[in-house]
Amino acid sequence: MILDHPHTEWKYCAIANIKKQHIDKNGILRYGTSAFSGGTRVYLRGTLWDENADKIPVLGLCRGKHYYVGWVSAALLENVRFGRVYKPSVLKMMDHWEYQESWWHDTPEDRVQALDFVRRWKEKYKSDTDEIPDLRENAPSFDDIPENSQ
């Protein structure tokens with residue numbers, strides 16, 4: 001296998017964390033996602049991001065304690081930021097032939113693209129709140145819940 005981009009000691013990337021808690025469509029409080037624990041650092045595959053979709057492919061350490069590539073809802077990501085990845089096991093996954101072209105590398109052009117991705121993400125999702133997101137379609141507000149009378 002010949003790589004177009006030689007293996008480097010680091011890559012530019014967009015990093016996020018999985019939200020610790022959220023309320024799912026059935027009104028149940030969930031911790032993280034089915035694949036990732038809450039608070040897990042994930043690397044966003046920004047070159048594959050479709051701004052009209054509500055999910056994005058990510059790479060992160062899953063609940064099974066191995067690195068996993070999967071799709072995560074944008075509503076379950078917080079603290080999206082620009083950074084570099086140095087971890088050899090993550091770089092090895094990023095350099096895998098199937099995923100290689102969907103990651104930024106270490107060029108100045110890749111830096112600009114990764115920074116632009118983070119800027120566009122923050123504009124679209126206005127993330128970084130501490131609220132528990134409610135993913136139910138018509139979630140009631142607390143004002144709609146009657147008080148318990150005794």
# chains A, B, ... in the order shown; residues from 1 in each chain; ligands from 1
>>> select_by_dssp(residues="stretch 5-138 of chain A", states="strand (DSSP E or B)", output="NGL selection string")
:A and (11-18 or 21-23 or 29-31 or 41-44 or 55-61 or 67-73 or 77-85 or 134)
>>> select_by_dssp(residues="stretch 1-123 of chain A", states="alpha helix (DSSP H)", output="ChimeraX atom specification")
/A:88-94,108-123
>>> atom_distance(atom1="atom CA of A:Lys122", atom2="atom CA of A:Arg41")
17.2 Å
>>> closest_residue(among="A:Thr33, A:Trp49, A:Leu77, A:Gly64", to="A:Ala16", atoms="only C-alpha atoms")
A:Leu77
>>> residues_around(residues="A:Gly60", least_positions_apart="2", cutoff="8 Å", atoms="only C-alpha atoms", output="count of residues only")
10
>>> atom_distance(atom1="atom CA of A:Leu91", atom2="atom CA of A:Thr107")
15.3 Å
>>> residues_around(residues="A:Ala114", least_positions_apart="6", cutoff="12 Å", atoms="only C-alpha atoms", output="list in words")
Lys11, Tyr12, Cys13, Ala14, Ile15, Tyr43, Leu44, Arg45, Gly46, Thr47, Leu48, Trp49, Val80, Arg81, Phe82, Gly83, Arg84, Ser102, Trp103, Trp104, His105, Asp106, Thr107, Pro108, Arg120 and Trp121 of chain A
>>> closest_residue(among="A:Gly27, A:Asp54, A:Asp110, A:Asp116", to="A:Leu76", atoms="only C-alpha atoms")
A:Asp54
>>> residues_around(residues="A:Asp50", least_positions_apart="6", cutoff="12 Å", atoms="only C-alpha atoms", output="JSON, numbers by chain")
{"A": [56, 57, 74, 117, 120, 121, 124]}
>>> write_last_selection(atoms="N, CA and C atoms", output="mmCIF file, in the first residue's frame")
data_model
loop_
_atom_site.group_PDB
_atom_site.id
_atom_site.type_symbol
_atom_site.label_atom_id
_atom_site.label_comp_id
_atom_site.auth_asym_id
_atom_site.auth_seq_id
_atom_site.Cartn_x
_atom_site.Cartn_y
_atom_site.Cartn_z
ATOM 1 N N ILE A 56 -22.041 13.200 11.971
ATOM 2 C CA ILE A 56 -20.696 13.351 11.415
ATOM 3 C C ILE A 56 -19.878 12.127 11.806
ATOM 4 N N PRO A 57 -19.002 11.660 10.912
ATOM 5 C CA PRO A 57 -18.140 10.539 11.282
ATOM 6 C C PRO A 57 -17.030 11.000 12.233
ATOM 7 N N ALA A 74 -24.648 15.447 15.758
ATOM 8 C CA ALA A 74 -24.019 16.724 16.095
ATOM 9 C C ALA A 74 -24.508 17.243 17.442
ATOM 10 N N PHE A 117 -13.234 24.621 9.183
ATOM 11 C CA PHE A 117 -14.254 23.660 9.589
ATOM 12 C C PHE A 117 -14.756 23.965 10.999
ATOM 13 N N ARG A 120 -16.968 27.087 10.970
ATOM 14 C CA ARG A 120 -18.295 26.823 10.405
ATOM 15 C C ARG A 120 -19.141 25.972 11.350
ATOM 16 N N TRP A 121 -18.522 25.004 12.021
ATOM 17 C CA TRP A 121 -19.249 24.153 12.977
ATOM 18 C C TRP A 121 -19.817 25.005 14.115
ATOM 19 N N LYS A 124 -22.736 27.097 13.027
ATOM 20 C CA LYS A 124 -23.968 26.331 12.799
ATOM 21 C C LYS A 124 -24.581 25.828 14.097
#
>>> closest_residue(among="A:Ala75, A:Lys65, A:Arg111, A:His96", to="A:Ile23", atoms="only C-alpha atoms")
A:Ala75
>>> residues_around(residues="A:Gly38", least_positions_apart="3", cutoff="10 Å", atoms="only C-alpha atoms", output="list in words")
Asn17, Ile18, Lys19, Lys20, Gln21, His22, Arg30, Tyr31, Gly32, Thr33, Ser34, Ala35, Arg41, Arg63, Leu76 and Leu77 of chain A
